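Structure below is upload_21.pdb: PDB, C-alpha atoms and all ligand atoms.
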```pdb
ATOM      1  CA  MET N   1      30.481  19.197 -36.763  1.00  0.00           C
ATOM      2  CA  GLN N   2      33.043  17.715 -34.434  1.00  0.00           C
ATOM      3  CA  GLU N   3      33.022  13.917 -34.669  1.00  0.00           C
ATOM      4  CA  THR N   4      35.664  13.095 -32.079  1.00  0.00           C
ATOM      5  CA  SER N   5      34.455  12.412 -28.557  1.00  0.00           C
ATOM      6  CA  ILE N   6      36.054  13.977 -25.495  1.00  0.00           C
ATOM      7  CA  LYS N   7      37.086  10.501 -24.361  1.00  0.00           C
ATOM      8  CA  LYS N   8      38.810   9.752 -27.679  1.00  0.00           C
ATOM      9  CA  TYR N   9      40.551  13.095 -28.030  1.00  0.00           C
ATOM     10  CA  PHE N  10      41.826  13.411 -24.472  1.00  0.00           C
ATOM     11  CA  GLY N  11      42.559   9.665 -24.263  1.00  0.00           C
ATOM     12  CA  ASP N  12      44.693   9.941 -27.408  1.00  0.00           C
ATOM     13  CA  ASP N  13      46.518  12.883 -25.872  1.00  0.00           C
ATOM     14  CA  HIS N  14      47.280  10.740 -22.795  1.00  0.00           C
ATOM     15  CA  LYS N  15      48.759   8.101 -25.140  1.00  0.00           C
ATOM     16  CA  CYS N  16      50.851  10.681 -26.921  1.00  0.00           C
ATOM     17  CA  LEU N  17      52.204  11.912 -23.563  1.00  0.00           C
ATOM     18  CA  ASP N  18      53.007   8.326 -22.544  1.00  0.00           C
ATOM     19  CA  GLU N  19      55.001   7.820 -25.742  1.00  0.00           C
ATOM     20  CA  LEU N  20      57.025  10.988 -25.235  1.00  0.00           C
ATOM     21  CA  PHE N  21      57.843   9.875 -21.711  1.00  0.00           C
ATOM     22  CA  ILE N  22      58.849   6.380 -22.855  1.00  0.00           C
ATOM     23  CA  ASN N  23      61.209   7.976 -25.375  1.00  0.00           C
ATOM     24  CA  PHE N  24      62.701  10.252 -22.732  1.00  0.00           C
ATOM     25  CA  ARG N  25      63.492   7.212 -20.594  1.00  0.00           C
ATOM     26  CA  LYS N  26      64.744   5.223 -23.558  1.00  0.00           C
ATOM     27  CA  TYR N  27      67.313   7.848 -24.597  1.00  0.00           C
ATOM     28  CA  LYS N  28      68.264   9.117 -21.158  1.00  0.00           C
ATOM     29  CA  HIS N  29      71.385   6.966 -20.909  1.00  0.00           C
ATOM     30  CA  GLN N  30      72.269   6.929 -24.627  1.00  0.00           C
ATOM     31  CA  ASP N  31      71.780  10.445 -25.913  1.00  0.00           C
ATOM     32  CA  PHE N  32      70.908  12.971 -23.243  1.00  0.00           C
ATOM     33  CA  SER N  33      70.213  15.922 -25.522  1.00  0.00           C
ATOM     34  CA  LYS N  34      67.752  13.807 -27.489  1.00  0.00           C
ATOM     35  CA  ALA N  35      66.147  12.609 -24.229  1.00  0.00           C
ATOM     36  CA  LYS N  36      65.895  16.221 -23.078  1.00  0.00           C
ATOM     37  CA  GLU N  37      64.004  17.205 -26.224  1.00  0.00           C
ATOM     38  CA  PHE N  38      61.487  14.443 -25.516  1.00  0.00           C
ATOM     39  CA  PHE N  39      61.198  15.638 -21.921  1.00  0.00           C
ATOM     40  CA  LYS N  40      60.621  19.257 -22.950  1.00  0.00           C
ATOM     41  CA  ASP N  41      57.950  18.194 -25.407  1.00  0.00           C
ATOM     42  CA  PHE N  42      56.350  15.963 -22.775  1.00  0.00           C
ATOM     43  CA  LYS N  43      56.367  18.727 -20.168  1.00  0.00           C
ATOM     44  CA  MET N  44      54.922  21.369 -22.466  1.00  0.00           C
ATOM     45  CA  ARG N  45      52.200  19.055 -23.772  1.00  0.00           C
ATOM     46  CA  LEU N  46      51.307  17.819 -20.285  1.00  0.00           C
ATOM     47  CA  GLN N  47      50.970  21.424 -19.110  1.00  0.00           C
ATOM     48  CA  ARG N  48      48.781  22.181 -22.117  1.00  0.00           C
ATOM     49  CA  HIS N  49      46.641  19.118 -21.398  1.00  0.00           C
ATOM     50  CA  ILE N  50      46.098  20.226 -17.804  1.00  0.00           C
ATOM     51  CA  VAL N  51      45.196  23.780 -18.842  1.00  0.00           C
ATOM     52  CA  TRP N  52      42.751  22.365 -21.437  1.00  0.00           C
ATOM     53  CA  GLU N  53      41.073  20.376 -18.690  1.00  0.00           C
ATOM     54  CA  GLU N  54      41.104  22.939 -15.908  1.00  0.00           C
ATOM     55  CA  GLN N  55      40.168  26.008 -17.930  1.00  0.00           C
ATOM     56  CA  ILE N  56      37.968  24.583 -20.679  1.00  0.00           C
ATOM     57  CA  LEU N  57      36.725  21.016 -20.150  1.00  0.00           C
ATOM     58  CA  PHE N  58      36.088  20.792 -16.407  1.00  0.00           C
ATOM     59  CA  PRO N  59      34.102  24.059 -16.252  1.00  0.00           C
ATOM     60  CA  VAL N  60      31.623  22.518 -18.721  1.00  0.00           C
ATOM     61  CA  PHE N  61      31.007  19.641 -16.288  1.00  0.00           C
ATOM     62  CA  GLU N  62      30.934  21.971 -13.287  1.00  0.00           C
ATOM     63  CA  LYS N  63      28.399  24.266 -14.949  1.00  0.00           C
ATOM     64  CA  LYS N  64      26.121  21.376 -15.916  1.00  0.00           C
ATOM     65  CA  THR N  65      26.191  19.673 -12.539  1.00  0.00           C
ATOM     66  CA  GLY N  66      26.638  22.648 -10.230  1.00  0.00           C
ATOM     67  CA  MET N  67      29.514  20.734  -8.611  1.00  0.00           C
ATOM     68  CA  THR N  68      32.101  23.465  -8.284  1.00  0.00           C
ATOM     69  CA  GLN N  69      33.315  23.078  -4.701  1.00  0.00           C
ATOM     70  CA  SER N  70      33.391  19.301  -4.521  1.00  0.00           C
ATOM     71  CA  GLY N  71      33.023  16.408  -6.931  1.00  0.00           C
ATOM     72  CA  PRO N  72      35.180  14.585  -9.451  1.00  0.00           C
ATOM     73  CA  THR N  73      36.700  17.623 -11.139  1.00  0.00           C
ATOM     74  CA  GLN N  74      37.898  18.945  -7.762  1.00  0.00           C
ATOM     75  CA  VAL N  75      39.613  15.609  -7.150  1.00  0.00           C
ATOM     76  CA  MET N  76      41.178  15.827 -10.615  1.00  0.00           C
ATOM     77  CA  ARG N  77      42.384  19.388  -9.921  1.00  0.00           C
ATOM     78  CA  ILE N  78      44.065  18.236  -6.701  1.00  0.00           C
ATOM     79  CA  GLU N  79      45.726  15.391  -8.592  1.00  0.00           C
ATOM     80  CA  HIS N  80      46.932  17.857 -11.245  1.00  0.00           C
ATOM     81  CA  LYS N  81      48.779  19.704  -8.484  1.00  0.00           C
ATOM     82  CA  GLN N  82      50.449  16.457  -7.404  1.00  0.00           C
ATOM     83  CA  ILE N  83      51.335  15.690 -11.028  1.00  0.00           C
ATOM     84  CA  GLY N  84      52.810  19.183 -11.378  1.00  0.00           C
ATOM     85  CA  GLU N  85      54.938  18.707  -8.269  1.00  0.00           C
ATOM     86  CA  CYS N  86      56.246  15.329  -9.478  1.00  0.00           C
ATOM     87  CA  LEU N  87      56.953  16.876 -12.868  1.00  0.00           C
ATOM     88  CA  GLU N  88      58.985  19.695 -11.306  1.00  0.00           C
ATOM     89  CA  LEU N  89      61.057  17.265  -9.222  1.00  0.00           C
ATOM     90  CA  LEU N  90      61.973  15.408 -12.382  1.00  0.00           C
ATOM     91  CA  HIS N  91      62.481  18.671 -14.273  1.00  0.00           C
ATOM     92  CA  LYS N  92      65.112  19.697 -11.727  1.00  0.00           C
ATOM     93  CA  LYS N  93      67.092  16.557 -12.461  1.00  0.00           C
ATOM     94  CA  VAL N  94      66.779  16.933 -16.226  1.00  0.00           C
ATOM     95  CA  ARG N  95      67.972  20.543 -15.994  1.00  0.00           C
ATOM     96  CA  THR N  96      71.145  19.520 -14.228  1.00  0.00           C
ATOM     97  CA  GLN N  97      71.607  16.507 -16.508  1.00  0.00           C
ATOM     98  CA  ASP N  98      71.232  14.192 -13.525  1.00  0.00           C
ATOM     99  CA  THR N  99      70.222  10.836 -15.007  1.00  0.00           C
ATOM    100  CA  ASN N 100      69.713   9.290 -11.595  1.00  0.00           C
ATOM    101  CA  SER N 101      65.981   9.995 -11.811  1.00  0.00           C
ATOM    102  CA  ASP N 102      64.351   6.558 -11.943  1.00  0.00           C
ATOM    103  CA  LYS N 103      62.564   7.140  -8.645  1.00  0.00           C
ATOM    104  CA  GLU N 104      61.086  10.485  -9.765  1.00  0.00           C
ATOM    105  CA  GLU N 105      60.015   8.919 -13.071  1.00  0.00           C
ATOM    106  CA  GLU N 106      58.292   5.993 -11.352  1.00  0.00           C
ATOM    107  CA  ILE N 107      56.393   8.289  -8.995  1.00  0.00           C
ATOM    108  CA  LEU N 108      55.262  10.581 -11.801  1.00  0.00           C
ATOM    109  CA  LEU N 109      54.204   7.624 -13.945  1.00  0.00           C
ATOM    110  CA  SER N 110      52.212   6.062 -11.157  1.00  0.00           C
ATOM    111  CA  VAL N 111      50.354   9.255 -10.200  1.00  0.00           C
ATOM    112  CA  LEU N 112      49.738  10.127 -13.855  1.00  0.00           C
ATOM    113  CA  SER N 113      48.509   6.710 -14.972  1.00  0.00           C
ATOM    114  CA  ASN N 114      46.047   6.374 -12.074  1.00  0.00           C
ATOM    115  CA  HIS N 115      44.756   9.838 -12.800  1.00  0.00           C
ATOM    116  CA  ASN N 116      44.415   9.236 -16.539  1.00  0.00           C
ATOM    117  CA  LEU N 117      42.514   5.986 -16.024  1.00  0.00           C
ATOM    118  CA  LYS N 118      39.958   7.726 -13.819  1.00  0.00           C
ATOM    119  CA  GLU N 119      39.439  10.402 -16.445  1.00  0.00           C
ATOM    120  CA  GLU N 120      39.198   7.908 -19.315  1.00  0.00           C
ATOM    121  CA  ASN N 121      36.880   5.496 -17.522  1.00  0.00           C
ATOM    122  CA  ILE N 122      34.631   7.873 -15.648  1.00  0.00           C
ATOM    123  CA  LEU N 123      34.944  11.602 -16.207  1.00  0.00           C
ATOM    124  CA  TYR N 124      35.341  11.831 -19.997  1.00  0.00           C
ATOM    125  CA  PRO N 125      32.455   9.410 -20.780  1.00  0.00           C
ATOM    126  CA  THR N 126      30.257  11.285 -18.294  1.00  0.00           C
ATOM    127  CA  ILE N 127      31.036  14.598 -19.981  1.00  0.00           C
ATOM    128  CA  ASP N 128      30.446  13.065 -23.428  1.00  0.00           C
ATOM    129  CA  SER N 129      27.027  11.897 -22.296  1.00  0.00           C
ATOM    130  CA  MET N 130      25.949  15.284 -20.978  1.00  0.00           C
ATOM    131  CA  ILE N 131      27.001  17.693 -23.730  1.00  0.00           C
ATOM    132  CA  THR N 132      25.567  18.411 -27.165  1.00  0.00           C
ATOM    133  CA  ASP N 133      27.585  18.264 -30.396  1.00  0.00           C
ATOM    134  CA  GLU N 134      27.631  22.066 -30.402  1.00  0.00           C
ATOM    135  CA  GLU N 135      28.991  22.223 -26.870  1.00  0.00           C
ATOM    136  CA  ARG N 136      31.663  19.638 -27.735  1.00  0.00           C
ATOM    137  CA  ALA N 137      32.640  21.640 -30.812  1.00  0.00           C
ATOM    138  CA  GLU N 138      32.933  24.727 -28.614  1.00  0.00           C
ATOM    139  CA  VAL N 139      35.295  22.878 -26.254  1.00  0.00           C
ATOM    140  CA  PHE N 140      37.596  21.997 -29.177  1.00  0.00           C
ATOM    141  CA  ASN N 141      37.282  25.499 -30.557  1.00  0.00           C
ATOM    142  CA  GLN N 142      38.408  27.022 -27.265  1.00  0.00           C
ATOM    143  CA  MET N 143      41.268  24.524 -27.013  1.00  0.00           C
ATOM    144  CA  ASN N 144      42.493  25.587 -30.453  1.00  0.00           C
ATOM    145  CA  LYS N 145      42.395  29.244 -29.459  1.00  0.00           C
ATOM    146  CA  LEU N 146      44.351  28.795 -26.228  1.00  0.00           C
ATOM    147  CA  PRO N 147      47.459  31.014 -26.328  1.00  0.00           C
ATOM    148  CA  GLU N 148      50.822  29.245 -26.020  1.00  0.00           C
ATOM    149  CA  GLU N 149      51.896  31.448 -23.095  1.00  0.00           C
ATOM    150  CA  SER N 150      49.258  29.839 -20.901  1.00  0.00           C
ATOM    151  CA  TYR N 151      51.096  26.520 -20.819  1.00  0.00           C
ATOM    152  CA  LYS N 152      54.537  26.965 -22.419  1.00  0.00           C
ATOM    153  CA  LYS N 153      56.502  27.363 -19.242  1.00  0.00           C
ATOM    154  CA  CYS N 154      59.828  25.608 -19.161  1.00  0.00           C
ATOM    155  CA  CYS N 155      63.209  26.840 -18.070  1.00  0.00           C
ATOM    156  CA  CYS N 156      65.022  24.019 -19.908  1.00  0.00           C
ATOM    157  CA  GLN N 157      67.618  25.592 -22.195  1.00  0.00           C
TER     158      GLN N 157
HETATM  159 FE    FE H 201      43.768  15.455 -15.861  1.00  0.00          FE
HETATM  160 FE    FE H 202      43.678  14.090 -18.889  1.00  0.00          FE
END
```

Please re-express this file's structure in structure tokens.
Amino acid sequence: MQETSIKKYFGDDHKCLDELFINFRKYKHQDFSKAKEFFKDFKMRLQRHIVWEEQILFPVFEKKTGMTQSGPTQVMRIEHKQIGECLELLHKKVRTQDTNSDKEEEILLSVLSNHNLKEENILYPTIDSMITDEERAEVFNQMNKLPEESYKKCCCQ
């Protein structure tokens, strides 16, 4: 039986992403290749997180509530697109080793942290309250089975 709640698991993943990003910024001016490794890890894990939500977690909520065309998960999906765009703008700079990326980092951080707070405070607890232990276990089971190709997209060399 899965003990971890959706809120705990996904909230912890947000924290892990935050730490990777902090490390990218910390090493950007000291050791670029080290910073780049943190960025690549951040990007891959953020993409995985979004696929987990869009393909596995949100459909559970949408099925239960019938809210497929509008509602909180649609708002979250729109925000994921914005996050993806901000991520690509920063990715372009990292690829060309352009360390003048403070603005892109600030924008990404602000969009991402607002988004994460909404999920942690509203969406995840709502989902936790509406699913059974078996359904939660199935969410984690599907997440574990997700093939790497579905999120491991990065042209960083
Ligand atoms: Fe999200
Ligand atoms: Fe999330």

Ligand FE 201 (chain H) neighbours within 8 Å using only C-alpha atoms and all ligand atoms, as number ranges by chain: N: 49-50, 53-54, 76-77, 79-80, 115-116, 119

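The list of residues with at least one atom within 10 Å of N:Gln47, based on all atoms listed in the file and without residues fewer than 2 positions apart in the same chain, reads Asp41, Phe42, Lys43, Met44, Arg45, His49, Ile50, Val51, Trp52, Glu53, His80, Ile83, Gly84, Leu87, Ser150, Tyr151, Lys152, Lys153 and Cys154 of chain N.
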
Between atom CA of N:Glu3 and atom CA of N:Met67 - distance in Å to one decimal: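 A separation of 27.2 Å between them.
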
Given all atoms listed in the file as the counted atoms, nearest of N:Val60, N:Leu123, N:Ala35, N:Leu90 to ligand FE 202 (chain H):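 Checking each candidate against ligand FE 202 (chain H), we get N:Leu123 as the closest.
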
Minimum-distance residue to N:Ser110, chosen among N:Gly66, N:Gln142, N:Asp18, N:Tyr27 (using only C-alpha atoms): N:Asp18

Top pick for closest residue to ligand FE 202 (chain H), considering N:Phe32, N:Tyr124, N:Phe21, N:Phe39 and counting only C-alpha atoms and all ligand atoms: N:Tyr124

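Here the PyMOL selection byres (((chain N and resi 96-100) around 10) and not hetatm) captures the residues Arg25, Lys28, His29, Phe32, Ser33, Lys36, Leu90, His91, Lys92, Lys93, Val94, Arg95, Ser101, Asp102, Lys103, Glu104, Glu105 and Cys156 of chain N.
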
Among the residues N:Lys7, N:Asn23, N:Leu89, N:Glu148, the one that comes closest to ligand FE 202 (chain H) [using only C-alpha atoms and all ligand atoms]: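 Residue with the minimum atom-to-atom distance to ligand FE 202 (chain H): N:Lys7.
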
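Between ligand FE 202 (chain H) and the residues N:Asp133, N:Glu62, N:Glu120, N:Asp31, the shortest atom-to-atom distance, using all atoms listed in the file, involves N:Glu120.
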
Interatomic distance, atom CA of N:Val139 to atom CA of N:Ile56 (Å, one decimal): 6.4 Å

Coordinates-based distance that separates atom CA of N:Glu19 from atom CA of N:Phe61 (Å, one decimal):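 Result for atom CA of N:Phe61 versus atom CA of N:Glu19: 28.4 Å, one decimal.
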
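Considering only C-alpha atoms and all ligand atoms, the residue among N:Lys15, N:Lys145, N:Cys86, N:Thr126 positioned nearest to ligand FE 202 (chain H) is N:Lys15.
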
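Using all atoms listed in the file, the contacts of N:Asn121 at a cut-off of 12 Å, with sequence neighbours closer than 6 positions omitted, comprise Ile6, Lys7, Lys8, Phe10, Gly11, Ser113, Asn114, His115, Ile127 and Asp128 of chain N.
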